[in-house]
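Colleague: Right, I'll just put the structure down here and ask away after.
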2 protein chains.
Amino acid sequence: MSKKRLGNVWMGETCPIRQVLDRFGDKWSILIIELLSQEGKLRFSEIAQTIGDISQKMLTVTLRSLESDGLVTRRFYPEIPPRVEYELSDLGRSLVPHIEQLTGWGQAHMATIMENRRLFEAKRMEKN
Amino acid sequence: MSKKRLGNVWMGETCPIRQVLDRFGDKWSILIIELLSQEGKLRFSEIAQTIGDISQKMLTVTLRSLESDGLVTRRFYPEIPPRVEYELSDLGRSLVPHIEQLTGWGQAHMATIMENRRLFEAKRMEKN
DNA sequence: CAGCATCCGATTAGATACTG
DNA sequence: CAGTATCTAATCGGATGCTG
């Protein structure tokens, strides 16, 4: 692969890695997708309570963007009080196996990473 | 899975999804890992030029964190001018297939996502 | 209940200047 | 060349108040 082609591949918005990172690199999208995958249909308040430390604002924003992109479906029941249910779309479900690949890698290697980080920090300290 | 257990799974720092997101959800780590995977050994300036729009500061910070976690090796040659080469470690290489799974999904579905987003926005506009 | 609007503090990242 | 240090601008996300 020539340097010239490289530039086109890695820069700008056409780079597929950047596209995926831009879409899913935020704090909550992946977590909500995986939660909906495991629990199926969930209400707004159920998602909020399960995650625990997400603010109402961020849950709203994240769900809206997932809905906007067709990854999650939103069903509104005009009862009193109103009820809203969220569920993965087929598109959203198709992403789940890939997320779980990454999660699996994390479970296998994250302890090593944390230990590496600790050792690196220790070395850095003894130099100063 | 009971509600009680759910809380423990999805909250806090033991959640494996959050661990992976915390580590790799930043703007540059994944991109640099994939770049090093495809190009092998690269100098600091080669990475900078290939990516194009990363600042010197962020490249330094990201490479240092990747090195710290044992995902990338750094070799320093005390010549004048100095030369530094970065390369994936075995640990870093073990992550690459999973990244490429995600990238593959992105290439297959990102156009659909963007179109969904456009349609959603259009619907939103016509309501106002 | 499930949102939206606004404000504001915290974190992040770019620009710039300097160095072994 | 490959950084470090500092300052500043932009972004992100939490808290609060209000609504159908």
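Numbering starts fresh at 1 for the residues of each chain in the structure tokens, the chains themselves are lettered A, B, ... in the order given, and ligands are numbered from 1 as they appear.
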Please, which residues in chain C fall within 10 Å of chain B when counting only C-alpha atoms (C1' of nucleotides), and what is the closest atom pair and distance in Å to one decimal for each, ordered by chain then residue number, as a Markdown table?
Modeller:
| residue | atom | partner | partner_atom | distance |
| --- | --- | --- | --- | --- |
| C:DA13 | C1' | B:Met58 | CA | 7.4 |
| C:DG14 | C1' | B:Ser55 | CA | 7.0 |
| C:DA15 | C1' | B:Ser55 | CA | 9.3 |
| C:DG20 | C1' | B:Pro82 | CA | 9.5 |
Colleague: Which residues of chain D are close to chain A, meaning at most 10 Å apart when you count only C-alpha atoms (C1' of nucleotides), and how do they look as a PyMOL selection string?
Modeller: chain D and resi 13-15+20
Colleague: Pull N, CA, C and O atoms (P, O5', C5', C4', C3', O3' and C1' of nucleotides) from the residues just selected and write them as a PDB file, in the first residue's frame.
Modeller:
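Result went into part37.pdb, see below:
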ATOM      1  P    DG D  13     -20.495  12.879  27.001  1.00  0.00           P
ATOM      2  O5'  DG D  13     -20.981  13.287  28.454  1.00  0.00           O
ATOM      3  C5'  DG D  13     -20.018  13.540  29.462  1.00  0.00           C
ATOM      4  C4'  DG D  13     -20.672  14.244  30.631  1.00  0.00           C
ATOM      5  C3'  DG D  13     -22.055  13.684  31.009  1.00  0.00           C
ATOM      6  O3'  DG D  13     -22.131  13.619  32.413  1.00  0.00           O
ATOM      7  C1'  DG D  13     -22.199  15.986  30.691  1.00  0.00           C
ATOM      8  P    DG D  14     -23.147  12.598  33.132  1.00  0.00           P
ATOM      9  O5'  DG D  14     -23.554  13.411  34.448  1.00  0.00           O
ATOM     10  C5'  DG D  14     -22.526  14.003  35.246  1.00  0.00           C
ATOM     11  C4'  DG D  14     -23.075  15.206  35.984  1.00  0.00           C
ATOM     12  C3'  DG D  14     -24.412  14.962  36.677  1.00  0.00           C
ATOM     13  O3'  DG D  14     -24.341  15.431  38.017  1.00  0.00           O
ATOM     14  C1'  DG D  14     -24.567  16.860  35.257  1.00  0.00           C
ATOM     15  P    DA D  15     -25.625  15.180  38.988  1.00  0.00           P
ATOM     16  O5'  DA D  15     -26.278  16.634  39.063  1.00  0.00           O
ATOM     17  C5'  DA D  15     -25.442  17.773  39.272  1.00  0.00           C
ATOM     18  C4'  DA D  15     -26.312  19.015  39.413  1.00  0.00           C
ATOM     19  C3'  DA D  15     -27.644  18.766  40.117  1.00  0.00           C
ATOM     20  O3'  DA D  15     -27.914  19.841  41.019  1.00  0.00           O
ATOM     21  C1'  DA D  15     -28.034  19.618  37.930  1.00  0.00           C
ATOM     22  P    DG D  20     -47.824  21.916  28.728  1.00  0.00           P
ATOM     23  O5'  DG D  20     -48.230  20.583  27.957  1.00  0.00           O
ATOM     24  C5'  DG D  20     -47.429  20.085  26.886  1.00  0.00           C
ATOM     25  C4'  DG D  20     -47.718  18.604  26.711  1.00  0.00           C
ATOM     26  C3'  DG D  20     -49.193  18.225  26.801  1.00  0.00           C
ATOM     27  O3'  DG D  20     -49.475  17.191  25.870  1.00  0.00           O
ATOM     28  C1'  DG D  20     -47.982  17.103  28.494  1.00  0.00           C
TER      29       DG D  20
END
Colleague: Residues of chain B within 7 Å of chain A, counting only C-alpha atoms - could you list those as a JSON list (two decimals) with all heavy atoms, in the first residue's frame?
Modeller:
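Final file, result08.json:
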[["chain", "number", "residue", "atom", "x", "y", "z"],
["B", 6, "LEU", "N", -28.68, -7.70, 38.10],
["B", 6, "LEU", "CA", -28.51, -6.73, 37.02],
["B", 6, "LEU", "C", -27.77, -5.50, 37.49],
["B", 6, "LEU", "O", -26.83, -5.04, 36.85],
["B", 6, "LEU", "CB", -29.87, -6.30, 36.49],
["B", 6, "LEU", "CG", -30.32, -6.87, 35.15],
["B", 6, "LEU", "CD1", -31.61, -6.24, 34.75],
["B", 6, "LEU", "CD2", -29.25, -6.71, 34.11],
["B", 7, "GLY", "N", -28.22, -4.96, 38.60],
["B", 7, "GLY", "CA", -27.59, -3.75, 39.12],
["B", 7, "GLY", "C", -26.09, -3.91, 39.24],
["B", 7, "GLY", "O", -25.33, -3.05, 38.83],
["B", 10, "TRP", "N", -24.26, -4.05, 35.60],
["B", 10, "TRP", "CA", -24.22, -2.91, 34.67],
["B", 10, "TRP", "C", -23.65, -1.65, 35.28],
["B", 10, "TRP", "O", -23.35, -0.69, 34.59],
["B", 10, "TRP", "CB", -25.63, -2.61, 34.15],
["B", 10, "TRP", "CG", -26.13, -3.72, 33.31],
["B", 10, "TRP", "CD1", -26.94, -4.74, 33.69],
["B", 10, "TRP", "CD2", -25.84, -3.95, 31.94],
["B", 10, "TRP", "NE1", -27.17, -5.59, 32.64],
["B", 10, "TRP", "CE2", -26.50, -5.13, 31.54],
["B", 10, "TRP", "CE3", -25.07, -3.27, 30.98],
["B", 10, "TRP", "CZ2", -26.43, -5.65, 30.27],
["B", 10, "TRP", "CZ3", -24.99, -3.79, 29.70],
["B", 10, "TRP", "CH2", -25.68, -4.97, 29.36],
["B", 11, "MET", "N", -23.52, -1.63, 36.60],
["B", 11, "MET", "CA", -23.04, -0.42, 37.22],
["B", 11, "MET", "C", -21.58, -0.55, 37.61],
["B", 11, "MET", "O", -21.08, -1.65, 37.76],
["B", 11, "MET", "CB", -23.89, -0.08, 38.45],
["B", 11, "MET", "CG", -25.34, 0.18, 38.07],
["B", 11, "MET", "SD", -26.47, 0.61, 39.42],
["B", 11, "MET", "CE", -25.57, 0.23, 40.85],
["B", 16, "PRO", "N", -17.66, -5.17, 32.33],
["B", 16, "PRO", "CA", -16.64, -5.33, 31.30],
["B", 16, "PRO", "C", -16.83, -4.41, 30.10],
["B", 16, "PRO", "O", -15.85, -4.00, 29.47],
["B", 16, "PRO", "CB", -16.76, -6.79, 30.89],
["B", 16, "PRO", "CG", -18.11, -7.22, 31.35],
["B", 16, "PRO", "CD", -18.45, -6.38, 32.53],
["B", 17, "ILE", "N", -18.07, -4.08, 29.79],
["B", 17, "ILE", "CA", -18.30, -3.17, 28.66],
["B", 17, "ILE", "C", -17.74, -1.80, 28.99],
["B", 17, "ILE", "O", -17.09, -1.15, 28.16],
["B", 17, "ILE", "CB", -19.80, -3.05, 28.36],
["B", 17, "ILE", "CG1", -20.38, -4.44, 28.06],
["B", 17, "ILE", "CG2", -20.03, -2.14, 27.17],
["B", 17, "ILE", "CD1", -21.89, -4.45, 27.94],
["B", 20, "VAL", "N", -13.90, -1.72, 28.69],
["B", 20, "VAL", "CA", -13.43, -1.62, 27.31],
["B", 20, "VAL", "C", -13.67, -0.22, 26.76],
["B", 20, "VAL", "O", -12.80, 0.36, 26.09],
["B", 20, "VAL", "CB", -14.11, -2.68, 26.42],
["B", 20, "VAL", "CG1", -13.82, -2.44, 24.96],
["B", 20, "VAL", "CG2", -13.66, -4.08, 26.83],
["B", 25, "GLY", "N", -12.52, 3.91, 24.09],
["B", 25, "GLY", "CA", -13.53, 4.80, 23.56],
["B", 25, "GLY", "C", -13.02, 6.18, 23.17],
["B", 25, "GLY", "O", -13.78, 7.01, 22.71],
["B", 26, "ASP", "N", -11.74, 6.42, 23.35],
["B", 26, "ASP", "CA", -11.19, 7.73, 23.00],
["B", 26, "ASP", "C", -11.04, 7.86, 21.49],
["B", 26, "ASP", "O", -11.28, 6.93, 20.73],
["B", 26, "ASP", "CB", -9.84, 7.94, 23.68],
["B", 26, "ASP", "CG", -8.79, 7.01, 23.14],
["B", 26, "ASP", "OD1", -8.82, 5.81, 23.45],
["B", 26, "ASP", "OD2", -7.91, 7.47, 22.37],
["B", 31, "LEU", "N", -7.62, 3.77, 16.28],
["B", 31, "LEU", "CA", -7.10, 4.13, 14.96],
["B", 31, "LEU", "C", -5.61, 3.84, 14.87],
["B", 31, "LEU", "O", -5.12, 3.29, 13.87],
["B", 31, "LEU", "CB", -7.37, 5.61, 14.70],
["B", 31, "LEU", "CG", -7.18, 6.09, 13.25],
["B", 31, "LEU", "CD1", -8.22, 5.47, 12.35],
["B", 31, "LEU", "CD2", -7.24, 7.61, 13.17],
["B", 50, "THR", "N", 0.53, 10.14, 8.57],
["B", 50, "THR", "CA", -0.47, 9.25, 7.99],
["B", 50, "THR", "C", -1.87, 9.60, 8.48],
["B", 50, "THR", "O", -2.82, 9.65, 7.70],
["B", 50, "THR", "CB", -0.16, 7.78, 8.34],
["B", 50, "THR", "OG1", 1.16, 7.47, 7.92],
["B", 50, "THR", "CG2", -1.15, 6.85, 7.67],
["B", 51, "ILE", "N", -1.98, 9.84, 9.77],
["B", 51, "ILE", "CA", -3.30, 10.20, 10.32],
["B", 51, "ILE", "C", -3.70, 11.60, 9.87],
["B", 51, "ILE", "O", -4.85, 11.86, 9.54],
["B", 51, "ILE", "CB", -3.30, 10.09, 11.86],
["B", 51, "ILE", "CG1", -3.12, 8.63, 12.25],
["B", 51, "ILE", "CG2", -4.58, 10.66, 12.45],
["B", 51, "ILE", "CD1", -3.16, 8.36, 13.73],
["B", 52, "GLY", "N", -2.74, 12.50, 9.85],
["B", 52, "GLY", "CA", -2.99, 13.79, 9.23],
["B", 52, "GLY", "C", -3.55, 14.85, 10.15],
["B", 52, "GLY", "O", -2.98, 15.92, 10.26],
["B", 68, "SER", "N", 1.95, 2.35, 27.98],
["B", 68, "SER", "CA", 1.74, 2.10, 29.41],
["B", 68, "SER", "C", 0.93, 0.83, 29.66],
["B", 68, "SER", "O", 1.19, 0.07, 30.59],
["B", 68, "SER", "CB", 1.04, 3.30, 30.03],
["B", 68, "SER", "OG", 0.11, 2.92, 31.01],
["B", 69, "ASP", "N", -0.05, 0.60, 28.81],
["B", 69, "ASP", "CA", -0.93, -0.56, 28.99],
["B", 69, "ASP", "C", -0.40, -1.82, 28.31],
["B", 69, "ASP", "O", -1.05, -2.85, 28.34],
["B", 69, "ASP", "CB", -2.32, -0.24, 28.44],
["B", 69, "ASP", "CG", -3.02, 0.81, 29.29],
["B", 69, "ASP", "OD1", -2.43, 1.27, 30.28],
["B", 69, "ASP", "OD2", -4.17, 1.16, 28.96],
["B", 70, "GLY", "N", 0.77, -1.71, 27.69],
["B", 70, "GLY", "CA", 1.38, -2.88, 27.07],
["B", 70, "GLY", "C", 0.78, -3.26, 25.74],
["B", 70, "GLY", "O", 0.94, -4.39, 25.27],
["B", 98, "HIS", "N", -10.76, -8.15, 16.50],
["B", 98, "HIS", "CA", -12.04, -7.67, 17.02],
["B", 98, "HIS", "C", -12.35, -6.28, 16.50],
["B", 98, "HIS", "O", -13.49, -5.95, 16.20],
["B", 98, "HIS", "CB", -12.00, -7.68, 18.55],
["B", 98, "HIS", "CG", -11.63, -9.01, 19.11],
["B", 98, "HIS", "ND1", -12.36, -10.15, 18.86],
["B", 98, "HIS", "CD2", -10.59, -9.41, 19.88],
["B", 98, "HIS", "CE1", -11.80, -11.18, 19.46],
["B", 98, "HIS", "NE2", -10.71, -10.76, 20.09],
["B", 101, "GLN", "N", -13.59, -6.71, 13.04],
["B", 101, "GLN", "CA", -15.00, -7.13, 13.02],
["B", 101, "GLN", "C", -15.91, -5.92, 13.05],
["B", 101, "GLN", "O", -16.84, -5.79, 12.25],
["B", 101, "GLN", "CB", -15.31, -8.01, 14.25],
["B", 101, "GLN", "CG", -14.71, -9.40, 14.20],
["B", 101, "GLN", "CD", -15.39, -10.26, 13.17],
["B", 101, "GLN", "OE1", -16.62, -10.29, 13.11],
["B", 101, "GLN", "NE2", -14.62, -10.93, 12.34],
["B", 102, "LEU", "N", -15.62, -5.01, 13.97],
["B", 102, "LEU", "CA", -16.43, -3.80, 14.10],
["B", 102, "LEU", "C", -16.35, -2.94, 12.85],
["B", 102, "LEU", "O", -17.36, -2.42, 12.37],
["B", 102, "LEU", "CB", -15.97, -2.99, 15.31],
["B", 102, "LEU", "CG", -16.69, -3.24, 16.61],
["B", 102, "LEU", "CD1", -16.30, -2.19, 17.63],
["B", 102, "LEU", "CD2", -18.20, -3.19, 16.39],
["B", 103, "THR", "N", -15.14, -2.78, 12.35],
["B", 103, "THR", "CA", -14.97, -1.99, 11.14],
["B", 103, "THR", "C", -15.74, -2.58, 9.97],
["B", 103, "THR", "O", -16.37, -1.86, 9.20],
["B", 103, "THR", "CB", -13.48, -1.90, 10.78],
["B", 103, "THR", "OG1", -12.75, -1.43, 11.91],
["B", 103, "THR", "CG2", -13.27, -0.96, 9.61],
["B", 106, "GLY", "N", -19.24, -1.74, 10.28],
["B", 106, "GLY", "CA", -19.42, -0.35, 9.89],
["B", 106, "GLY", "C", -19.48, -0.18, 8.38],
["B", 106, "GLY", "O", -20.35, 0.51, 7.86],
["B", 107, "GLN", "N", -18.58, -0.85, 7.68],
["B", 107, "GLN", "CA", -18.59, -0.72, 6.22],
["B", 107, "GLN", "C", -19.87, -1.26, 5.62],
["B", 107, "GLN", "O", -20.36, -0.77, 4.61],
["B", 107, "GLN", "CB", -17.37, -1.44, 5.64],
["B", 107, "GLN", "CG", -16.07, -0.70, 5.97],
["B", 107, "GLN", "CD", -14.87, -1.26, 5.23],
["B", 107, "GLN", "OE1", -14.62, -2.46, 5.27],
["B", 107, "GLN", "NE2", -14.13, -0.39, 4.57],
["B", 113, "ILE", "N", -27.18, 3.66, 8.30],
["B", 113, "ILE", "CA", -27.32, 4.49, 9.49],
["B", 113, "ILE", "C", -27.44, 5.97, 9.13],
["B", 113, "ILE", "O", -28.30, 6.69, 9.64],
["B", 113, "ILE", "CB", -26.13, 4.26, 10.44],
["B", 113, "ILE", "CG1", -26.28, 2.90, 11.14],
["B", 113, "ILE", "CG2", -26.01, 5.37, 11.47],
["B", 113, "ILE", "CD1", -25.17, 2.57, 12.11],
["B", 114, "MET", "N", -26.57, 6.40, 8.23],
["B", 114, "MET", "CA", -26.60, 7.81, 7.84],
["B", 114, "MET", "C", -27.91, 8.15, 7.14],
["B", 114, "MET", "O", -28.47, 9.23, 7.35],
["B", 114, "MET", "CB", -25.42, 8.12, 6.91],
["B", 114, "MET", "CG", -24.06, 8.04, 7.60],
["B", 114, "MET", "SD", -23.96, 9.01, 9.14],
["B", 114, "MET", "CE", -22.37, 8.51, 9.78],
["B", 116, "ASN", "N", -30.81, 6.56, 7.63],
["B", 116, "ASN", "CA", -31.81, 6.60, 8.70],
["B", 116, "ASN", "C", -31.80, 7.93, 9.42],
["B", 116, "ASN", "O", -32.85, 8.52, 9.70],
["B", 116, "ASN", "CB", -31.53, 5.49, 9.73],
["B", 116, "ASN", "CG", -31.86, 4.11, 9.20],
["B", 116, "ASN", "OD1", -32.61, 3.96, 8.23],
["B", 116, "ASN", "ND2", -31.29, 3.09, 9.82],
["B", 117, "ARG", "N", -30.61, 8.42, 9.70],
["B", 117, "ARG", "CA", -30.46, 9.67, 10.43],
["B", 117, "ARG", "C", -31.06, 10.82, 9.63],
["B", 117, "ARG", "O", -31.75, 11.68, 10.18],
["B", 117, "ARG", "CB", -28.97, 9.93, 10.70],
["B", 117, "ARG", "CG", -28.69, 11.03, 11.68],
["B", 117, "ARG", "CD", -27.21, 11.19, 11.94],
["B", 117, "ARG", "NE", -26.60, 10.01, 12.55],
["B", 117, "ARG", "CZ", -25.33, 9.92, 12.89],
["B", 117, "ARG", "NH1", -24.51, 10.95, 12.65],
["B", 117, "ARG", "NH2", -24.86, 8.84, 13.45],
["B", 120, "PHE", "N", -34.86, 10.55, 9.71],
["B", 120, "PHE", "CA", -35.37, 10.93, 11.03],
["B", 120, "PHE", "C", -35.40, 12.44, 11.19],
["B", 120, "PHE", "O", -36.37, 13.01, 11.69],
["B", 120, "PHE", "CB", -34.47, 10.30, 12.11],
["B", 120, "PHE", "CG", -35.00, 10.43, 13.50],
["B", 120, "PHE", "CD1", -35.91, 9.52, 14.01],
["B", 120, "PHE", "CD2", -34.56, 11.46, 14.33],
["B", 120, "PHE", "CE1", -36.39, 9.62, 15.30],
["B", 120, "PHE", "CE2", -35.03, 11.57, 15.63],
["B", 120, "PHE", "CZ", -35.95, 10.65, 16.12]]
Colleague: Quick one: residues within 10 Å of D:DT16, only C-alpha atoms (C1' of nucleotides) counted, chain neighbours fewer than 2 positions away excluded, as a PyMOL selection string?
Modeller: (chain C and resi 6-7) or (chain D and resi 14+18)
Colleague: Those selected residues, please, written with C-alpha atoms (C1' of nucleotides) and delivered as a compact mmCIF listing (two decimals), in the first residue's frame.
Modeller:
# COMPACT_ATOMS: atom_id res chain seq x y z
C1' DT C 6 -31.14 26.08 30.15
C1' DC C 7 -27.25 26.92 32.74
C1' DG D 14 -24.57 16.86 35.26
C1' DC D 18 -40.60 22.92 33.89
Colleague: Where does DSSP see strand (DSSP E) in chain A, if you list the residues as a list of chain:residue names?
Modeller: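 In chain A, DSSP puts these residues in strand (DSSP E): A:Leu42, A:Arg43, A:Val72, A:Thr73, A:Arg74, A:Arg75, A:Phe76, A:Tyr77, A:Arg83, A:Val84, A:Glu85, A:Tyr86, A:Glu87, A:Leu88.
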Colleague: With a distance cut-off of 9 Å and only C-alpha atoms (C1' of nucleotides), select the neighbouring residues of A:Tyr86, excluding the residue or stretch itself and same-chain residues fewer than 3 positions from it, and output the selection as a PyMOL selection string.
Modeller: chain A and resi 36+40-44+63+67+72-76
Colleague: Quick one, how far is atom CA of A:Ser29 from atom CA of A:Val61?
Modeller: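 Pair atom CA of A:Ser29 / atom CA of A:Val61 returns 9.9 Å.
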Colleague: Looking only at the backbone, which of the residues in chain B does DSSP tag as helix (DSSP H, G or I), as a VMD selection string?
Modeller: chain B and resid 3 to 10 16 to 24 29 to 39 44 to 51 56 to 68 90 to 127
Colleague: Do you have the atom CA of A:Ile47-atom CA of A:Arg64 distance handy?
Modeller: 13.6 Å
Colleague: Which one is closest to C:DC4: A:Arg83, A:Leu88, A:Thr60, A:Lys123? Count only C-alpha atoms (C1' of nucleotides).
Modeller: A:Thr60
Colleague: Do you have the atom C1' of C:DT11-atom CA of B:Val96 distance handy?
Modeller: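 Answer for the atom C1' of C:DT11 to atom CA of B:Val96 separation: 28.8 Å.
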